[in-house]
$ cat entry34.cif   # mmCIF, C-alpha atoms
data_data
loop_
_atom_site.group_PDB
_atom_site.id
_atom_site.type_symbol
_atom_site.label_atom_id
_atom_site.label_comp_id
_atom_site.auth_asym_id
_atom_site.auth_seq_id
_atom_site.Cartn_x
_atom_site.Cartn_y
_atom_site.Cartn_z
ATOM 1 C CA MET A 436 -39.323 34.574 -24.953
ATOM 2 C CA LYS A 437 -40.855 31.702 -23.011
ATOM 3 C CA PRO A 438 -40.120 28.934 -25.610
ATOM 4 C CA TYR A 439 -36.445 29.914 -25.601
ATOM 5 C CA ARG A 440 -36.153 29.357 -21.829
ATOM 6 C CA VAL A 441 -36.800 25.627 -22.171
ATOM 7 C CA SER A 442 -34.338 25.396 -25.055
ATOM 8 C CA LEU A 443 -31.724 27.354 -23.072
ATOM 9 C CA VAL A 444 -32.155 25.116 -20.018
ATOM 10 C CA LEU A 445 -31.850 21.988 -22.160
ATOM 11 C CA LEU A 446 -28.777 23.385 -23.936
ATOM 12 C CA LEU A 447 -27.107 24.181 -20.593
ATOM 13 C CA LEU A 448 -27.965 20.697 -19.293
ATOM 14 C CA VAL A 449 -26.488 19.030 -22.377
ATOM 15 C CA ALA A 450 -23.363 21.216 -22.103
ATOM 16 C CA TYR A 451 -22.940 20.366 -18.400
ATOM 17 C CA LEU A 452 -23.369 16.634 -19.000
ATOM 18 C CA GLY A 453 -20.963 16.788 -21.938
ATOM 19 C CA VAL A 454 -18.265 18.467 -19.839
ATOM 20 C CA GLN A 455 -18.773 15.908 -17.049
ATOM 21 C CA ALA A 456 -18.569 13.032 -19.534
ATOM 22 C CA LEU A 457 -15.173 14.292 -20.662
ATOM 23 C CA THR A 458 -13.540 15.644 -17.513
ATOM 24 C CA GLY A 459 -15.484 14.178 -14.576
ATOM 25 C CA GLU A 460 -14.141 11.682 -12.065
ATOM 26 C CA ARG A 461 -15.095 8.805 -14.374
ATOM 27 C CA GLY A 462 -14.843 10.818 -17.579
ATOM 28 C CA LEU A 463 -13.091 9.904 -20.800
ATOM 29 C CA LEU A 464 -10.089 12.125 -20.139
ATOM 30 C CA SER A 465 -9.439 10.917 -16.563
ATOM 31 C CA GLY A 466 -8.579 7.329 -17.518
ATOM 32 C CA ARG A 467 -4.832 7.912 -17.166
ATOM 33 C CA ALA A 468 -5.236 9.165 -13.596
ATOM 34 C CA ARG A 469 -7.312 6.091 -12.714
ATOM 35 C CA ASP A 470 -4.690 3.809 -14.270
ATOM 36 C CA ASP A 471 -1.919 5.520 -12.277
ATOM 37 C CA LEU A 472 -3.917 5.174 -9.066
ATOM 38 C CA LEU A 473 -4.568 1.505 -9.818
ATOM 39 C CA THR A 474 -0.854 0.877 -10.403
ATOM 40 C CA GLN A 475 0.000 2.654 -7.155
ATOM 41 C CA ARG A 476 -2.559 0.627 -5.196
ATOM 42 C CA GLU A 477 -1.349 -2.655 -6.743
ATOM 43 C CA THR A 478 2.222 -1.832 -5.707
ATOM 44 C CA GLU A 479 1.005 -1.019 -2.197
ATOM 45 C CA LEU A 480 -0.961 -4.283 -2.087
ATOM 46 C CA ALA A 481 2.100 -6.271 -3.162
ATOM 47 C CA ALA A 482 4.205 -4.643 -0.422
ATOM 48 C CA LEU A 483 1.570 -5.321 2.222
ATOM 49 C CA SER A 484 1.150 -8.910 1.047
ATOM 50 C CA GLU A 485 4.913 -9.459 1.322
ATOM 51 C CA GLN A 486 4.910 -7.927 4.799
ATOM 52 C CA ARG A 487 2.019 -10.162 5.805
ATOM 53 C CA ARG A 488 3.803 -13.300 4.534
ATOM 54 C CA ASP A 489 6.889 -12.297 6.522
ATOM 55 C CA LEU A 490 4.857 -11.740 9.672
ATOM 56 C CA GLU A 491 3.004 -15.043 9.216
ATOM 57 C CA THR A 492 6.346 -16.837 8.886
ATOM 58 C CA ARG A 493 7.646 -15.169 12.039
ATOM 59 C CA VAL A 494 4.477 -16.065 13.949
ATOM 60 C CA ARG A 495 4.739 -19.672 12.782
ATOM 61 C CA TYR A 496 8.302 -19.868 14.114
ATOM 62 C CA LEU A 497 7.296 -18.346 17.455
ATOM 63 C CA ARG A 498 4.564 -20.899 18.159
ATOM 64 C CA ALA A 499 5.282 -23.347 20.951
ATOM 65 C CA ASP A 500 5.171 -26.433 18.714
ATOM 66 C CA SER A 501 7.782 -25.083 16.272
ATOM 67 C CA LEU A 502 9.792 -22.570 18.263
ATOM 68 C CA SER A 503 12.866 -21.215 16.521
ATOM 69 C CA LYS A 504 15.529 -20.346 19.068
ATOM 70 C CA ASP A 505 17.238 -17.926 16.691
ATOM 71 C CA LEU A 506 14.058 -15.985 16.024
ATOM 72 C CA LEU A 507 13.122 -15.985 19.698
ATOM 73 C CA GLU A 508 16.575 -14.655 20.595
ATOM 74 C CA GLU A 509 16.349 -11.997 17.872
ATOM 75 C CA ARG A 510 12.930 -10.815 19.098
ATOM 76 C CA ALA A 511 14.031 -10.810 22.741
ATOM 77 C CA ARG A 512 17.074 -8.704 21.884
ATOM 78 C CA ALA A 513 15.006 -6.287 19.810
ATOM 79 C CA VAL A 514 12.322 -5.879 22.471
ATOM 80 C CA LEU A 515 14.665 -5.706 25.452
ATOM 81 C CA GLY A 516 17.407 -3.785 23.678
ATOM 82 C CA PHE A 517 20.148 -6.280 24.580
ATOM 83 C CA SER A 518 22.943 -7.513 22.378
ATOM 84 C CA ASP A 519 25.850 -9.857 22.730
ATOM 85 C CA PRO A 520 29.193 -8.010 23.090
ATOM 86 C CA ARG A 521 30.417 -9.866 19.985
ATOM 87 C CA ASP A 522 27.444 -8.734 17.886
ATOM 88 C CA TYR A 523 27.447 -5.901 15.397
ATOM 89 C CA VAL A 524 24.153 -4.051 15.750
ATOM 90 C CA ILE A 525 22.948 -2.043 12.782
ATOM 91 C CA ARG A 526 19.660 -0.241 13.336
ATOM 92 C CA VAL A 527 17.578 0.614 10.283
ATOM 93 C CA SER A 528 14.168 2.185 10.000
ATOM 94 C CA SER A 529 11.312 -0.079 8.959
ATOM 95 C CA GLU A 530 11.005 1.892 5.688
ATOM 96 C CA THR A 531 14.654 1.195 4.799
ATOM 97 C CA ALA A 532 14.245 -2.456 5.732
ATOM 98 C CA SER A 533 11.167 -2.870 3.540
ATOM 99 C CA GLN A 534 12.998 -1.240 0.629
ATOM 100 C CA ALA A 535 15.884 -3.657 1.092
ATOM 101 C CA VAL A 536 13.475 -6.594 1.083
ATOM 102 C CA HIS A 537 11.856 -5.375 -2.132
ATOM 103 C CA SER A 538 15.188 -4.858 -3.869
ATOM 104 C CA ALA A 539 16.326 -8.335 -2.792
ATOM 105 C CA HIS A 540 13.215 -9.923 -4.308
ATOM 106 C CA SER A 541 13.594 -8.048 -7.603
#
$ encode --input "entry34.cif" --output "structure tokens"
Amino acid sequence: MKPYRVSLVLLLLVAYLGVQALTGERGLLSGRARDDLLTQRETELAALSEQRRDLETRVRYLRADSLSKDLLEERARAVLGFSDPRDYVIRVSSETASQAVHSAHS
């Protein structure tokens, strides 16, 4: 019975490695899941890159050498919570605003 033990262990090892090669995290059958995750991460990267460009533009306009009065007034009103009596104030969540930006660029 002893020679069969080695064969049985090797057979189980080959079976385990075969199953992992097909269904493991980097297996042949999990390629679709990796592609979906990659697409999701690329979309997230694009959104964050757009947000970064927007923030860099805002920072550039708030520097002392190129101060934009309109942007400064907008930020002061947002931070302090003030508005001109003639203004229409529409508050949106940041998620809704980012969706509007993405739909405008599409």
$ atom_distance --input "entry34.cif" --atom1 "CA of Leu497 (chain A)" --atom2 "CA of Asp519 (chain A)"
21.1 Å
$ atom_distance --input "entry34.cif" --atom1 "CA of Glu460 (chain A)" --atom2 "CA of Ala481 (chain A)"
25.8 Å
$ closest_atom_pairs --input "entry34.cif" --of "region 453-541 of chain A" --to "region 438-448 of chain A" --cutoff "12 Å" --atoms "only C-alpha atoms" --output "CSV"
residue,atom,partner,partner_atom,distance
A:Gly453,CA,A:Leu448,CA,8.4
A:Val454,CA,A:Leu448,CA,10.0
A:Gln455,CA,A:Leu448,CA,10.6
$ residues_around --input "entry34.cif" --residues "Arg510 (chain A)" --least-positions-apart "6" --cutoff "12 Å" --atoms "only C-alpha atoms" --output "list in words"
Arg493, Val494, Tyr496, Leu497, Ser503, Lys504, Gly516, Phe517 and Ser518 of chain A
$ axis_aligned_box --input "entry34.cif" --around "region 471-490 of chain A" --padding-each-side "5 Å" --output "lines of an AutoDock Vina configuration file"
center_x = 1.2
center_y = -3.9
center_z = -1.3
size_x = 21.5
size_y = 28.8
size_z = 31.9
$ atom_distance --input "entry34.cif" --atom1 "CA of Asp471 (chain A)" --atom2 "CA of Ala456 (chain A)"
19.7 Å
$ decode --input "entry34.cif" --residues "region 440-485 of chain A" --atoms "N, CA and C atoms" --output "PDB file, in the first residue's frame"
ATOM      1  N   ARG A 440       0.530   5.511  -1.806  1.00  0.00           N
ATOM      2  CA  ARG A 440       0.441   6.764  -1.035  1.00  0.00           C
ATOM      3  C   ARG A 440       1.102   7.916  -1.800  1.00  0.00           C
ATOM      4  N   VAL A 441       2.279   7.665  -2.334  1.00  0.00           N
ATOM      5  CA  VAL A 441       2.989   8.700  -3.087  1.00  0.00           C
ATOM      6  C   VAL A 441       2.180   9.080  -4.326  1.00  0.00           C
ATOM      7  N   SER A 442       1.650   8.095  -5.011  1.00  0.00           N
ATOM      8  CA  SER A 442       0.837   8.364  -6.200  1.00  0.00           C
ATOM      9  C   SER A 442      -0.416   9.144  -5.834  1.00  0.00           C
ATOM     10  N   LEU A 443      -1.049   8.801  -4.713  1.00  0.00           N
ATOM     11  CA  LEU A 443      -2.259   9.492  -4.266  1.00  0.00           C
ATOM     12  C   LEU A 443      -1.941  10.946  -3.910  1.00  0.00           C
ATOM     13  N   VAL A 444      -0.837  11.166  -3.221  1.00  0.00           N
ATOM     14  CA  VAL A 444      -0.443  12.526  -2.845  1.00  0.00           C
ATOM     15  C   VAL A 444      -0.157  13.349  -4.105  1.00  0.00           C
ATOM     16  N   LEU A 445       0.553  12.771  -5.053  1.00  0.00           N
ATOM     17  CA  LEU A 445       0.843  13.480  -6.295  1.00  0.00           C
ATOM     18  C   LEU A 445      -0.423  13.756  -7.099  1.00  0.00           C
ATOM     19  N   LEU A 446      -1.348  12.816  -7.129  1.00  0.00           N
ATOM     20  CA  LEU A 446      -2.621  13.014  -7.823  1.00  0.00           C
ATOM     21  C   LEU A 446      -3.425  14.139  -7.178  1.00  0.00           C
ATOM     22  N   LEU A 447      -3.477  14.170  -5.846  1.00  0.00           N
ATOM     23  CA  LEU A 447      -4.190  15.240  -5.142  1.00  0.00           C
ATOM     24  C   LEU A 447      -3.527  16.602  -5.381  1.00  0.00           C
ATOM     25  N   LEU A 448      -2.194  16.626  -5.419  1.00  0.00           N
ATOM     26  CA  LEU A 448      -1.474  17.865  -5.679  1.00  0.00           C
ATOM     27  C   LEU A 448      -1.752  18.374  -7.086  1.00  0.00           C
ATOM     28  N   VAL A 449      -1.736  17.481  -8.059  1.00  0.00           N
ATOM     29  CA  VAL A 449      -2.035  17.880  -9.442  1.00  0.00           C
ATOM     30  C   VAL A 449      -3.475  18.364  -9.555  1.00  0.00           C
ATOM     31  N   ALA A 450      -4.415  17.700  -8.881  1.00  0.00           N
ATOM     32  CA  ALA A 450      -5.815  18.112  -8.910  1.00  0.00           C
ATOM     33  C   ALA A 450      -5.982  19.494  -8.278  1.00  0.00           C
ATOM     34  N   TYR A 451      -5.333  19.732  -7.141  1.00  0.00           N
ATOM     35  CA  TYR A 451      -5.418  21.024  -6.465  1.00  0.00           C
ATOM     36  C   TYR A 451      -4.859  22.137  -7.363  1.00  0.00           C
ATOM     37  N   LEU A 452      -3.681  21.907  -7.921  1.00  0.00           N
ATOM     38  CA  LEU A 452      -3.071  22.917  -8.786  1.00  0.00           C
ATOM     39  C   LEU A 452      -3.907  23.158 -10.040  1.00  0.00           C
ATOM     40  N   GLY A 453      -4.524  22.112 -10.561  1.00  0.00           N
ATOM     41  CA  GLY A 453      -5.390  22.269 -11.726  1.00  0.00           C
ATOM     42  C   GLY A 453      -6.608  23.129 -11.421  1.00  0.00           C
ATOM     43  N   VAL A 454      -7.233  22.890 -10.273  1.00  0.00           N
ATOM     44  CA  VAL A 454      -8.395  23.689  -9.867  1.00  0.00           C
ATOM     45  C   VAL A 454      -7.981  25.141  -9.663  1.00  0.00           C
ATOM     46  N   GLN A 455      -6.831  25.371  -9.027  1.00  0.00           N
ATOM     47  CA  GLN A 455      -6.360  26.743  -8.807  1.00  0.00           C
ATOM     48  C   GLN A 455      -6.025  27.441 -10.126  1.00  0.00           C
ATOM     49  N   ALA A 456      -5.476  26.693 -11.073  1.00  0.00           N
ATOM     50  CA  ALA A 456      -5.154  27.283 -12.376  1.00  0.00           C
ATOM     51  C   ALA A 456      -6.406  27.727 -13.121  1.00  0.00           C
ATOM     52  N   LEU A 457      -7.512  27.069 -12.866  1.00  0.00           N
ATOM     53  CA  LEU A 457      -8.763  27.440 -13.536  1.00  0.00           C
ATOM     54  C   LEU A 457      -9.550  28.494 -12.774  1.00  0.00           C
ATOM     55  N   THR A 458      -9.692  28.326 -11.465  1.00  0.00           N
ATOM     56  CA  THR A 458     -10.620  29.170 -10.712  1.00  0.00           C
ATOM     57  C   THR A 458      -9.958  30.084  -9.695  1.00  0.00           C
ATOM     58  N   GLY A 459      -8.648  30.066  -9.573  1.00  0.00           N
ATOM     59  CA  GLY A 459      -7.971  30.900  -8.581  1.00  0.00           C
ATOM     60  C   GLY A 459      -8.076  32.379  -8.905  1.00  0.00           C
ATOM     61  N   GLU A 460      -7.481  33.182  -8.043  1.00  0.00           N
ATOM     62  CA  GLU A 460      -7.536  34.643  -8.206  1.00  0.00           C
ATOM     63  C   GLU A 460      -6.971  35.076  -9.555  1.00  0.00           C
ATOM     64  N   ARG A 461      -5.958  34.415 -10.033  1.00  0.00           N
ATOM     65  CA  ARG A 461      -5.349  34.728 -11.326  1.00  0.00           C
ATOM     66  C   ARG A 461      -5.573  33.595 -12.323  1.00  0.00           C
ATOM     67  N   GLY A 462      -6.621  32.819 -12.095  1.00  0.00           N
ATOM     68  CA  GLY A 462      -6.905  31.668 -12.939  1.00  0.00           C
ATOM     69  C   GLY A 462      -7.487  32.040 -14.288  1.00  0.00           C
ATOM     70  N   LEU A 463      -7.619  31.033 -15.130  1.00  0.00           N
ATOM     71  CA  LEU A 463      -8.118  31.242 -16.493  1.00  0.00           C
ATOM     72  C   LEU A 463      -9.568  31.705 -16.524  1.00  0.00           C
ATOM     73  N   LEU A 464     -10.362  31.267 -15.582  1.00  0.00           N
ATOM     74  CA  LEU A 464     -11.784  31.617 -15.596  1.00  0.00           C
ATOM     75  C   LEU A 464     -12.100  32.924 -14.868  1.00  0.00           C
ATOM     76  N   SER A 465     -11.124  33.553 -14.240  1.00  0.00           N
ATOM     77  CA  SER A 465     -11.391  34.800 -13.502  1.00  0.00           C
ATOM     78  C   SER A 465     -10.959  36.032 -14.293  1.00  0.00           C
ATOM     79  N   GLY A 466     -10.657  35.880 -15.556  1.00  0.00           N
ATOM     80  CA  GLY A 466     -10.225  37.013 -16.378  1.00  0.00           C
ATOM     81  C   GLY A 466     -11.290  38.083 -16.518  1.00  0.00           C
ATOM     82  N   ARG A 467     -12.538  37.680 -16.640  1.00  0.00           N
ATOM     83  CA  ARG A 467     -13.643  38.642 -16.786  1.00  0.00           C
ATOM     84  C   ARG A 467     -13.769  39.528 -15.550  1.00  0.00           C
ATOM     85  N   ALA A 468     -13.629  38.923 -14.375  1.00  0.00           N
ATOM     86  CA  ALA A 468     -13.713  39.699 -13.131  1.00  0.00           C
ATOM     87  C   ALA A 468     -12.567  40.708 -13.055  1.00  0.00           C
ATOM     88  N   ARG A 469     -11.368  40.296 -13.468  1.00  0.00           N
ATOM     89  CA  ARG A 469     -10.236  41.226 -13.469  1.00  0.00           C
ATOM     90  C   ARG A 469     -10.457  42.358 -14.460  1.00  0.00           C
ATOM     91  N   ASP A 470     -11.017  42.042 -15.628  1.00  0.00           N
ATOM     92  CA  ASP A 470     -11.300  43.083 -16.618  1.00  0.00           C
ATOM     93  C   ASP A 470     -12.334  44.072 -16.101  1.00  0.00           C
ATOM     94  N   ASP A 471     -13.370  43.578 -15.425  1.00  0.00           N
ATOM     95  CA  ASP A 471     -14.392  44.455 -14.847  1.00  0.00           C
ATOM     96  C   ASP A 471     -13.792  45.361 -13.778  1.00  0.00           C
ATOM     97  N   LEU A 472     -12.931  44.790 -12.940  1.00  0.00           N
ATOM     98  CA  LEU A 472     -12.287  45.583 -11.894  1.00  0.00           C
ATOM     99  C   LEU A 472     -11.383  46.645 -12.510  1.00  0.00           C
ATOM    100  N   LEU A 473     -10.666  46.279 -13.568  1.00  0.00           N
ATOM    101  CA  LEU A 473      -9.802  47.238 -14.245  1.00  0.00           C
ATOM    102  C   LEU A 473     -10.612  48.386 -14.843  1.00  0.00           C
ATOM    103  N   THR A 474     -11.732  48.069 -15.464  1.00  0.00           N
ATOM    104  CA  THR A 474     -12.604  49.102 -16.036  1.00  0.00           C
ATOM    105  C   THR A 474     -13.134  50.023 -14.941  1.00  0.00           C
ATOM    106  N   GLN A 475     -13.528  49.438 -13.831  1.00  0.00           N
ATOM    107  CA  GLN A 475     -14.035  50.235 -12.703  1.00  0.00           C
ATOM    108  C   GLN A 475     -12.947  51.163 -12.171  1.00  0.00           C
ATOM    109  N   ARG A 476     -11.740  50.651 -12.014  1.00  0.00           N
ATOM    110  CA  ARG A 476     -10.643  51.468 -11.493  1.00  0.00           C
ATOM    111  C   ARG A 476     -10.237  52.560 -12.483  1.00  0.00           C
ATOM    112  N   GLU A 477     -10.305  52.280 -13.791  1.00  0.00           N
ATOM    113  CA  GLU A 477      -9.982  53.305 -14.782  1.00  0.00           C
ATOM    114  C   GLU A 477     -11.005  54.427 -14.756  1.00  0.00           C
ATOM    115  N   THR A 478     -12.277  54.077 -14.580  1.00  0.00           N
ATOM    116  CA  THR A 478     -13.331  55.090 -14.463  1.00  0.00           C
ATOM    117  C   THR A 478     -13.103  55.943 -13.221  1.00  0.00           C
ATOM    118  N   GLU A 479     -12.756  55.291 -12.116  1.00  0.00           N
ATOM    119  CA  GLU A 479     -12.488  56.008 -10.870  1.00  0.00           C
ATOM    120  C   GLU A 479     -11.275  56.928 -11.034  1.00  0.00           C
ATOM    121  N   LEU A 480     -10.248  56.451 -11.723  1.00  0.00           N
ATOM    122  CA  LEU A 480      -9.058  57.265 -11.962  1.00  0.00           C
ATOM    123  C   LEU A 480      -9.392  58.482 -12.816  1.00  0.00           C
ATOM    124  N   ALA A 481     -10.218  58.295 -13.831  1.00  0.00           N
ATOM    125  CA  ALA A 481     -10.611  59.420 -14.686  1.00  0.00           C
ATOM    126  C   ALA A 481     -11.374  60.471 -13.880  1.00  0.00           C
ATOM    127  N   ALA A 482     -12.273  60.022 -13.005  1.00  0.00           N
ATOM    128  CA  ALA A 482     -13.044  60.959 -12.175  1.00  0.00           C
ATOM    129  C   ALA A 482     -12.123  61.715 -11.223  1.00  0.00           C
ATOM    130  N   LEU A 483     -11.193  61.007 -10.608  1.00  0.00           N
ATOM    131  CA  LEU A 483     -10.271  61.668  -9.685  1.00  0.00           C
ATOM    132  C   LEU A 483      -9.325  62.617 -10.419  1.00  0.00           C
ATOM    133  N   SER A 484      -8.917  62.248 -11.614  1.00  0.00           N
ATOM    134  CA  SER A 484      -8.054  63.137 -12.399  1.00  0.00           C
ATOM    135  C   SER A 484      -8.793  64.421 -12.763  1.00  0.00           C
ATOM    136  N   GLU A 485     -10.062  64.295 -13.138  1.00  0.00           N
ATOM    137  CA  GLU A 485     -10.874  65.471 -13.464  1.00  0.00           C
ATOM    138  C   GLU A 485     -11.049  66.350 -12.229  1.00  0.00           C
TER     139      GLU A 485
END
